[in-house]
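S.K.: The structure follows.
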Amino acid sequence: MPLICIASPKGGVGKTTLTAGLAFALQRLGLPVTVIDFDVQNALRLHFAIALGDPRGYVAHAEQPDWQSLVLQTPSGVGVLPYGTVSEAQRLRFEACLTETPVFLEKALRGLLSTPQMVVLADTPPGPSPALNALNAIADIRIAVLLADAASASLLPQIEQGLFYSPKGARSPLPVIHIVNQVDRRRRLSADATEFMRTRLQGSLLGLVHRDETLAEALASQQSIFAFDAGSAAAHELDAIARRFGRLLGSLKPRTSEMRRQG
């Protein structure tokens with residue numbers, strides 16, 4: 001089933017929060033979902049009520065052949081592969097595996113991606129990284145998260161020209177779809193940037209998520225946005241994005257299907 005790479009050329013765009021929100025929304029549609037945190041900050045787990053002091057994660061055990069046994073089950077029903085608490089040596093060894101062994105990530109994810117209907121969402125660190133390069137080679141869909149501001153708008157040419165999402169090792173050209181986050185139409189710059197991106201991106205714009213403090217409050221309470229406030233603007237927008245995304249998944253032929261058959 002599909003592997004979705006969620007990334008951004010810049011930090012601070014709310015990418016991890018959106019990854020969690022999209023996971024909750026897809027799970028509500030009846031799809032099995034697993035999220036993977038490729039960021040050493042190890043923050044994605046906090047959206048799924050995994051304790052702050054819990055050191056568990058897959059990176060310390062990444063060289064085992066199948067990561068499926070490392071997935072943590074959470075009350076929401078979403079499976080989580082946290083980055084985990086690791087030493088600098090473990091981090092460097094993991095990044096070396098991603099960089100030096102082209103099939104490393106494919107083999108590690110084979111079990112998960114062979115699960116019927118499973119959707120795997122990969123949250124990446126901001127900017128270029130070994131994880132992003134490895135995911136670019138095998139992902140079925142790439143989602144770029146941008147803010148409704150001038151800095152994100154200025155990065156669009158880099159994304160469109162493939163300067164950020166480098167297709168190294170990719171089996172075929174892979175389009176990028178976009179989510180514009182933290183839209184605030186009360187501010188002229190945000191409104192103008194949003195309209196610019198809407199016009200520029202057109203069919204590749206998966207959706208908009210407006211600035212909503214409910215998302216931060218849901219995280220603080222260790223609940224999903226839907227459990228915390230299903231009537232919030234953020235919950236409504238994430239649900240709409242998940243439904244559009246679900247239709248896209250329904251027409252998708254996974255790029256990793258050949259590898260899984262060979263496995």
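Ordered as shown in the structure tokens, chains take letters A, B, and onward, while each chain numbers its residues from 1 and ligands are numbered from 1 in the order shown.
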Using only C-alpha atoms, what table do you get, as a Markdown table, when you list each residue of segment 100-136 of chain A with an atom no more than 8 Å from segment 152-167 of chain A, its nearest pair of atoms, and their distance in Å rounded to one decimal, rows by chain then rising number?

M.R.:
| residue | atom | partner | partner_atom | distance |
| --- | --- | --- | --- | --- |
| A:Gly127 | CA | A:Phe164 | CA | 7.6 |
| A:Pro128 | CA | A:Phe164 | CA | 6.9 |
| A:Leu132 | CA | A:Tyr165 | CA | 7.9 |
| A:Asn133 | CA | A:Ser166 | CA | 7.0 |
| A:Asn136 | CA | A:Pro167 | CA | 6.0 |

S.K.: Kindly assemble as JSON lines a list of the segment 81-167 of chain A residues that lie within 8 Å of segment 191-204 of chain A, each paired with its nearest atom pair and their distance in Å to one decimal, using only C-alpha atoms, sorted first by chain and then by ascending residue number.

M.R.:
{"residue": "A:Ala148", "atom": "CA", "partner": "A:Thr194", "partner_atom": "CA", "distance": 5.3}
{"residue": "A:Asp149", "atom": "CA", "partner": "A:Ala193", "partner_atom": "CA", "distance": 5.4}
{"residue": "A:Ala150", "atom": "CA", "partner": "A:Ala193", "partner_atom": "CA", "distance": 6.3}
{"residue": "A:Ala153", "atom": "CA", "partner": "A:Ala193", "partner_atom": "CA", "distance": 6.7}

S.K.: Counting only C-alpha atoms, figure out which residue out of A:Leu112, A:Ala25, A:Val13, A:Val35 gets nearest to Leu147 of chain A.

M.R.: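 The shortest atom-to-atom distance to Leu147 of chain A comes from A:Val13.
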
S.K.: Mind pulling up the distance from atom CA of His210 of chain A to atom CA of Gln182 of chain A?

M.R.: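 Atom-to-atom, atom CA of Gln182 of chain A and atom CA of His210 of chain A are spaced 4.7 Å apart.
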
S.K.: Which residue gives the smallest distance to Thr16 of chain A among A:Pro2, A:Pro75, A:Pro125, A:Pro32, with only C-alpha atoms counted?

M.R.: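 Answer, going by the shortest atom-to-atom distance: A:Pro125.
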
S.K.: Env of segment 79-93 of chain A: 10 Å cut, atoms = only C-alpha atoms, seq-sep filter 6 positions within chain, self excluded. Answer as a ChimeraX atom specification.

M.R.: /A:23,32-46,48,50,53-63,67-73,99,120-122

S.K.: Let's have the selection written as a compact mmCIF listing (two decimals), in the first residue's frame, with N, CA and C atoms.

M.R.:
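As written to disk, selection.txt reads:
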# COMPACT_ATOMS: atom_id res chain seq x y z
N ALA A 23 -3.09 11.72 9.55
CA ALA A 23 -3.17 10.32 9.99
C ALA A 23 -4.48 10.06 10.72
N PRO A 32 -6.25 1.68 7.69
CA PRO A 32 -5.16 1.49 8.65
C PRO A 32 -4.02 2.45 8.33
N VAL A 33 -3.47 3.09 9.35
CA VAL A 33 -2.45 4.12 9.13
C VAL A 33 -1.28 3.89 10.08
N THR A 34 -0.07 4.02 9.54
CA THR A 34 1.14 4.04 10.36
C THR A 34 1.94 5.28 10.01
N VAL A 35 2.45 5.96 11.02
CA VAL A 35 3.28 7.14 10.79
C VAL A 35 4.72 6.81 11.22
N ILE A 36 5.67 7.38 10.48
CA ILE A 36 7.10 7.19 10.77
C ILE A 36 7.75 8.56 10.93
N ASP A 37 8.49 8.73 12.00
CA ASP A 37 9.18 9.98 12.27
C ASP A 37 10.64 9.85 11.86
N PHE A 38 11.04 10.61 10.86
CA PHE A 38 12.44 10.60 10.41
C PHE A 38 13.22 11.79 10.96
N ASP A 39 12.64 12.52 11.88
CA ASP A 39 13.28 13.71 12.44
C ASP A 39 13.85 13.38 13.82
N VAL A 40 15.12 13.69 14.04
CA VAL A 40 15.79 13.40 15.30
C VAL A 40 15.12 14.10 16.48
N GLN A 41 14.32 15.14 16.24
CA GLN A 41 13.61 15.80 17.33
C GLN A 41 12.58 14.88 17.99
N ASN A 42 12.15 13.85 17.27
CA ASN A 42 11.31 12.79 17.85
C ASN A 42 9.99 13.34 18.40
N ALA A 43 9.40 14.32 17.70
CA ALA A 43 8.21 15.00 18.22
C ALA A 43 6.89 14.41 17.75
N LEU A 44 6.88 13.65 16.66
CA LEU A 44 5.63 13.15 16.11
C LEU A 44 4.87 12.29 17.13
N ARG A 45 5.60 11.51 17.92
CA ARG A 45 4.99 10.61 18.91
C ARG A 45 4.10 11.34 19.91
N LEU A 46 4.42 12.60 20.19
CA LEU A 46 3.67 13.35 21.20
C LEU A 46 2.23 13.59 20.78
N PHE A 48 0.40 11.39 19.59
CA PHE A 48 -0.30 10.12 19.72
C PHE A 48 -0.26 9.59 21.15
N ILE A 50 2.07 9.26 23.29
CA ILE A 50 3.24 8.51 23.76
C ILE A 50 4.00 9.41 24.73
N GLY A 53 8.84 10.89 28.18
CA GLY A 53 10.04 10.19 28.59
C GLY A 53 10.21 8.80 28.00
N ASP A 54 9.33 8.40 27.11
CA ASP A 54 9.40 7.07 26.50
C ASP A 54 10.53 7.07 25.47
N PRO A 55 11.59 6.27 25.67
CA PRO A 55 12.75 6.32 24.76
C PRO A 55 12.62 5.43 23.54
N ARG A 56 11.55 4.66 23.43
CA ARG A 56 11.44 3.67 22.36
C ARG A 56 11.40 4.32 20.97
N GLY A 57 11.97 3.62 20.01
CA GLY A 57 11.99 4.09 18.63
C GLY A 57 12.65 3.07 17.75
N TYR A 58 12.57 3.29 16.45
CA TYR A 58 13.10 2.30 15.50
C TYR A 58 14.55 2.54 15.11
N VAL A 59 15.05 3.77 15.26
CA VAL A 59 16.39 4.08 14.74
C VAL A 59 17.47 3.24 15.42
N ALA A 60 17.34 3.03 16.72
CA ALA A 60 18.34 2.22 17.44
C ALA A 60 18.34 0.77 16.96
N HIS A 61 17.26 0.35 16.32
CA HIS A 61 17.14 -1.03 15.84
C HIS A 61 16.96 -1.08 14.33
N ALA A 62 17.34 -0.02 13.65
CA ALA A 62 16.98 0.14 12.24
C ALA A 62 17.61 -0.91 11.33
N GLU A 63 18.70 -1.54 11.78
CA GLU A 63 19.36 -2.50 10.91
C GLU A 63 18.69 -3.88 10.92
N TRP A 67 10.81 -3.42 10.02
CA TRP A 67 10.45 -2.52 11.11
C TRP A 67 9.03 -2.74 11.62
N GLN A 68 8.28 -3.61 11.01
CA GLN A 68 6.88 -3.78 11.41
C GLN A 68 6.74 -4.16 12.88
N SER A 69 7.68 -4.94 13.38
CA SER A 69 7.61 -5.38 14.78
C SER A 69 7.93 -4.25 15.75
N LEU A 70 8.45 -3.13 15.24
CA LEU A 70 8.82 -1.99 16.09
C LEU A 70 7.70 -0.95 16.20
N VAL A 71 6.62 -1.16 15.47
CA VAL A 71 5.51 -0.20 15.49
C VAL A 71 4.83 -0.19 16.86
N LEU A 72 4.62 1.00 17.41
CA LEU A 72 3.90 1.14 18.68
C LEU A 72 2.42 1.37 18.38
N GLN A 73 1.58 0.60 19.03
CA GLN A 73 0.14 0.77 18.88
C GLN A 73 -0.34 1.84 19.87
N THR A 99 21.96 6.42 3.23
CA THR A 99 22.74 7.01 2.14
C THR A 99 23.46 5.96 1.30
N VAL A 120 1.08 4.55 4.86
CA VAL A 120 2.25 4.89 5.66
C VAL A 120 2.63 6.34 5.38
N LEU A 121 2.61 7.17 6.42
CA LEU A 121 2.96 8.58 6.31
C LEU A 121 4.33 8.80 6.93
N ALA A 122 5.25 9.34 6.16
CA ALA A 122 6.61 9.58 6.63
C ALA A 122 6.83 11.07 6.86

S.K.: With only C-alpha atoms as the atoms that count, which of A:Gly207, A:Gly21, A:Gly30, A:Gly14 lies nearest to Ile225 of chain A?

M.R.: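 Looking at the shortest contact to Ile225 of chain A, the residue is A:Gly21.
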
S.K.: Just list the residues in segment 30-238 of chain A DSSP gives alpha helix (DSSP H) on the backbone, as a ChimeraX atom specification.

M.R.: /A:88-100,104-113,130-138,150-160,188-201,213-220,225-229,233-238

S.K.: Check segment 75-185 of chain A with DSSP on the backbone and list each residue it calls strand (DSSP E), as a compact mmCIF listing (two decimals) with all heavy atoms, in the first residue's frame.

M.R.:
# COMPACT_ATOMS: atom_id res chain seq x y z
N GLY A 79 -0.76 3.41 14.13
CA GLY A 79 0.54 2.86 14.51
C GLY A 79 1.63 3.92 14.37
O GLY A 79 1.59 4.74 13.46
N VAL A 80 2.60 3.90 15.27
CA VAL A 80 3.65 4.93 15.29
C VAL A 80 5.02 4.27 15.35
O VAL A 80 5.27 3.39 16.19
CB VAL A 80 3.49 5.89 16.49
CG1 VAL A 80 4.59 6.94 16.48
CG2 VAL A 80 2.12 6.55 16.47
N LEU A 81 5.89 4.72 14.46
CA LEU A 81 7.32 4.38 14.54
C LEU A 81 8.06 5.64 14.95
O LEU A 81 8.44 6.46 14.11
CB LEU A 81 7.83 3.87 13.19
CG LEU A 81 7.62 2.39 12.87
CD1 LEU A 81 7.97 2.11 11.41
CD2 LEU A 81 8.48 1.52 13.79
N VAL A 119 -1.82 2.72 4.90
CA VAL A 119 -1.24 3.98 4.44
C VAL A 119 -0.10 4.33 5.39
O VAL A 119 -0.30 4.39 6.61
CB VAL A 119 -2.29 5.11 4.43
CG1 VAL A 119 -1.64 6.43 3.99
CG2 VAL A 119 -3.46 4.76 3.52
N VAL A 120 1.08 4.55 4.86
CA VAL A 120 2.25 4.89 5.66
C VAL A 120 2.63 6.34 5.38
O VAL A 120 2.92 6.70 4.23
CB VAL A 120 3.44 3.95 5.35
CG1 VAL A 120 4.65 4.35 6.18
CG2 VAL A 120 3.06 2.50 5.61
N LEU A 121 2.61 7.17 6.42
CA LEU A 121 2.96 8.58 6.31
C LEU A 121 4.33 8.80 6.93
O LEU A 121 4.54 8.47 8.10
CB LEU A 121 1.93 9.45 7.03
CG LEU A 121 0.47 9.34 6.59
CD1 LEU A 121 -0.41 10.22 7.47
CD2 LEU A 121 0.30 9.73 5.14
N ALA A 122 5.25 9.34 6.16
CA ALA A 122 6.61 9.58 6.63
C ALA A 122 6.83 11.07 6.86
O ALA A 122 6.74 11.87 5.92
CB ALA A 122 7.63 9.05 5.62
N ASP A 123 7.08 11.45 8.10
CA ASP A 123 7.36 12.84 8.46
C ASP A 123 8.86 13.06 8.45
O ASP A 123 9.61 12.35 9.16
CB ASP A 123 6.78 13.13 9.84
CG ASP A 123 6.97 14.58 10.26
OD1 ASP A 123 7.00 15.45 9.38
OD2 ASP A 123 7.09 14.84 11.47
N ILE A 141 3.66 9.09 -3.14
CA ILE A 141 3.19 10.47 -3.21
C ILE A 141 4.10 11.33 -2.34
O ILE A 141 4.52 10.91 -1.27
CB ILE A 141 1.73 10.62 -2.71
CG1 ILE A 141 0.78 9.83 -3.62
CG2 ILE A 141 1.31 12.08 -2.65
CD1 ILE A 141 -0.66 9.83 -3.11
N ARG A 142 4.38 12.54 -2.81
CA ARG A 142 5.13 13.50 -2.02
C ARG A 142 4.25 14.71 -1.74
O ARG A 142 3.68 15.28 -2.67
CB ARG A 142 6.41 13.92 -2.73
CG ARG A 142 7.41 12.78 -2.87
CD ARG A 142 8.66 13.20 -3.60
NE ARG A 142 8.39 13.47 -5.01
CZ ARG A 142 9.34 13.81 -5.90
NH1 ARG A 142 10.60 13.93 -5.48
NH2 ARG A 142 9.04 14.04 -7.14
N ILE A 143 4.13 15.08 -0.48
CA ILE A 143 3.36 16.24 -0.08
C ILE A 143 4.31 17.31 0.43
O ILE A 143 5.09 17.07 1.35
CB ILE A 143 2.34 15.89 1.02
CG1 ILE A 143 1.31 14.88 0.51
CG2 ILE A 143 1.62 17.16 1.51
CD1 ILE A 143 0.33 14.42 1.58
N ALA A 144 4.24 18.49 -0.17
CA ALA A 144 5.04 19.63 0.29
C ALA A 144 4.15 20.51 1.14
O ALA A 144 3.07 20.93 0.71
CB ALA A 144 5.58 20.42 -0.90
N VAL A 145 4.59 20.80 2.36
CA VAL A 145 3.85 21.68 3.28
C VAL A 145 4.48 23.07 3.23
O VAL A 145 5.69 23.22 3.42
CB VAL A 145 3.86 21.13 4.71
CG1 VAL A 145 3.09 22.07 5.64
CG2 VAL A 145 3.25 19.73 4.75
N LEU A 146 3.64 24.06 2.98
CA LEU A 146 4.11 25.44 2.90
C LEU A 146 3.25 26.32 3.79
O LEU A 146 2.13 25.96 4.15
CB LEU A 146 4.01 25.94 1.44
CG LEU A 146 4.82 25.16 0.41
CD1 LEU A 146 4.42 25.59 -0.99
CD2 LEU A 146 6.31 25.37 0.62
N LEU A 147 3.79 27.47 4.15
CA LEU A 147 3.02 28.46 4.89
C LEU A 147 2.42 29.47 3.92
O LEU A 147 2.91 29.65 2.80
CB LEU A 147 3.90 29.20 5.90
CG LEU A 147 4.40 28.42 7.12
CD1 LEU A 147 5.21 29.34 8.01
CD2 LEU A 147 3.26 27.79 7.89
N VAL A 176 4.45 16.33 -7.16
CA VAL A 176 4.36 16.82 -5.79
C VAL A 176 3.01 17.49 -5.62
O VAL A 176 2.56 18.26 -6.48
CB VAL A 176 5.49 17.83 -5.49
CG1 VAL A 176 5.35 18.37 -4.07
CG2 VAL A 176 6.84 17.19 -5.70
N ILE A 177 2.31 17.17 -4.52
CA ILE A 177 1.09 17.89 -4.18
C ILE A 177 1.36 18.73 -2.94
O ILE A 177 2.33 18.48 -2.22
CB ILE A 177 -0.11 16.95 -3.98
CG1 ILE A 177 0.19 15.91 -2.89
CG2 ILE A 177 -0.47 16.27 -5.28
CD1 ILE A 177 -0.97 14.97 -2.62
N HIS A 178 0.53 19.73 -2.71
CA HIS A 178 0.85 20.74 -1.70
C HIS A 178 -0.28 20.95 -0.72
O HIS A 178 -1.46 20.83 -1.06
CB HIS A 178 1.16 22.08 -2.38
CG HIS A 178 2.23 22.02 -3.42
ND1 HIS A 178 2.00 21.51 -4.68
CD2 HIS A 178 3.54 22.39 -3.39
CE1 HIS A 178 3.13 21.58 -5.39
NE2 HIS A 178 4.06 22.11 -4.62
N ILE A 179 0.09 21.28 0.51
CA ILE A 179 -0.84 21.78 1.52
C ILE A 179 -0.31 23.12 2.01
O ILE A 179 0.88 23.24 2.35
CB ILE A 179 -0.98 20.81 2.70
CG1 ILE A 179 -1.60 19.48 2.25
CG2 ILE A 179 -1.85 21.44 3.80
CD1 ILE A 179 -1.67 18.44 3.36
N VAL A 180 -1.16 24.13 2.02
CA VAL A 180 -0.78 25.43 2.56
C VAL A 180 -1.35 25.53 3.96
O VAL A 180 -2.56 25.40 4.17
CB VAL A 180 -1.30 26.59 1.67
CG1 VAL A 180 -0.91 27.94 2.28
CG2 VAL A 180 -0.72 26.46 0.26
N ASN A 181 -0.47 25.76 4.91
CA ASN A 181 -0.84 25.69 6.33
C ASN A 181 -0.83 27.09 6.96
O ASN A 181 -0.19 28.02 6.47
CB ASN A 181 0.17 24.79 7.06
CG ASN A 181 -0.30 24.39 8.44
OD1 ASN A 181 -1.50 24.33 8.71
ND2 ASN A 181 0.64 24.11 9.33
N GLN A 182 -1.56 27.19 8.07
CA GLN A 182 -1.61 28.40 8.90
C GLN A 182 -2.06 29.63 8.10
O GLN A 182 -1.51 30.73 8.25
CB GLN A 182 -0.25 28.64 9.57
CG GLN A 182 0.15 27.51 10.50
CD GLN A 182 1.47 27.74 11.21
OE1 GLN A 182 1.94 28.88 11.29
NE2 GLN A 182 2.06 26.69 11.71
N VAL A 183 -3.07 29.43 7.26
CA VAL A 183 -3.67 30.54 6.52
C VAL A 183 -4.40 31.46 7.49
O VAL A 183 -5.14 31.00 8.36
CB VAL A 183 -4.64 30.00 5.45
CG1 VAL A 183 -5.38 31.15 4.77
CG2 VAL A 183 -3.89 29.14 4.44

S.K.: So, counting only C-alpha atoms, which residue among A:Ala242, A:Cys97, A:His236, A:Ala20 is closest to Leu219 of chain A?

M.R.: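 Looking at the shortest contact to Leu219 of chain A, the residue is A:Ala20.
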
S.K.: Which polymer residues have any atom within 10 Å of an atom of Glu106 of chain A, counting only C-alpha atoms, with same-chain residues fewer than 2 positions away left out, as a ChimeraX atom specification?

M.R.: /A:65-66,102-104,108-111,113,134-135,137-139,256,259-260

S.K.: Restricting it to C-alpha atoms, dump the selection as a PDB file, in the first residue's frame.

M.R.:
ATOM      1  CA  PRO A  65      15.293  -6.426   8.396  1.00  0.00           C
ATOM      2  CA  ASP A  66      11.649  -5.505   9.076  1.00  0.00           C
ATOM      3  CA  PRO A 102      19.855   1.951  -1.801  1.00  0.00           C
ATOM      4  CA  VAL A 103      17.488  -0.882  -0.808  1.00  0.00           C
ATOM      5  CA  PHE A 104      17.802  -0.354   2.943  1.00  0.00           C
ATOM      6  CA  ALA A 108      12.773  -2.175   6.247  1.00  0.00           C
ATOM      7  CA  LEU A 109       9.276  -1.071   5.167  1.00  0.00           C
ATOM      8  CA  ARG A 110       8.356  -4.162   3.167  1.00  0.00           C
ATOM      9  CA  GLY A 111       6.171  -5.689   5.877  1.00  0.00           C
ATOM     10  CA  LEU A 113       3.715  -1.726   2.869  1.00  0.00           C
ATOM     11  CA  ALA A 134      15.870   7.729   0.464  1.00  0.00           C
ATOM     12  CA  LEU A 135      12.128   8.378   0.510  1.00  0.00           C
ATOM     13  CA  ALA A 137      13.330   6.887  -4.436  1.00  0.00           C
ATOM     14  CA  ILE A 138      10.388   4.821  -3.202  1.00  0.00           C
ATOM     15  CA  ALA A 139       7.521   7.117  -2.154  1.00  0.00           C
ATOM     16  CA  THR A 256       6.762  -0.104  -4.594  1.00  0.00           C
ATOM     17  CA  MET A 259       9.471  -4.696  -4.883  1.00  0.00           C
ATOM     18  CA  ARG A 260       6.838  -6.133  -2.559  1.00  0.00           C
TER      19      ARG A 260
END
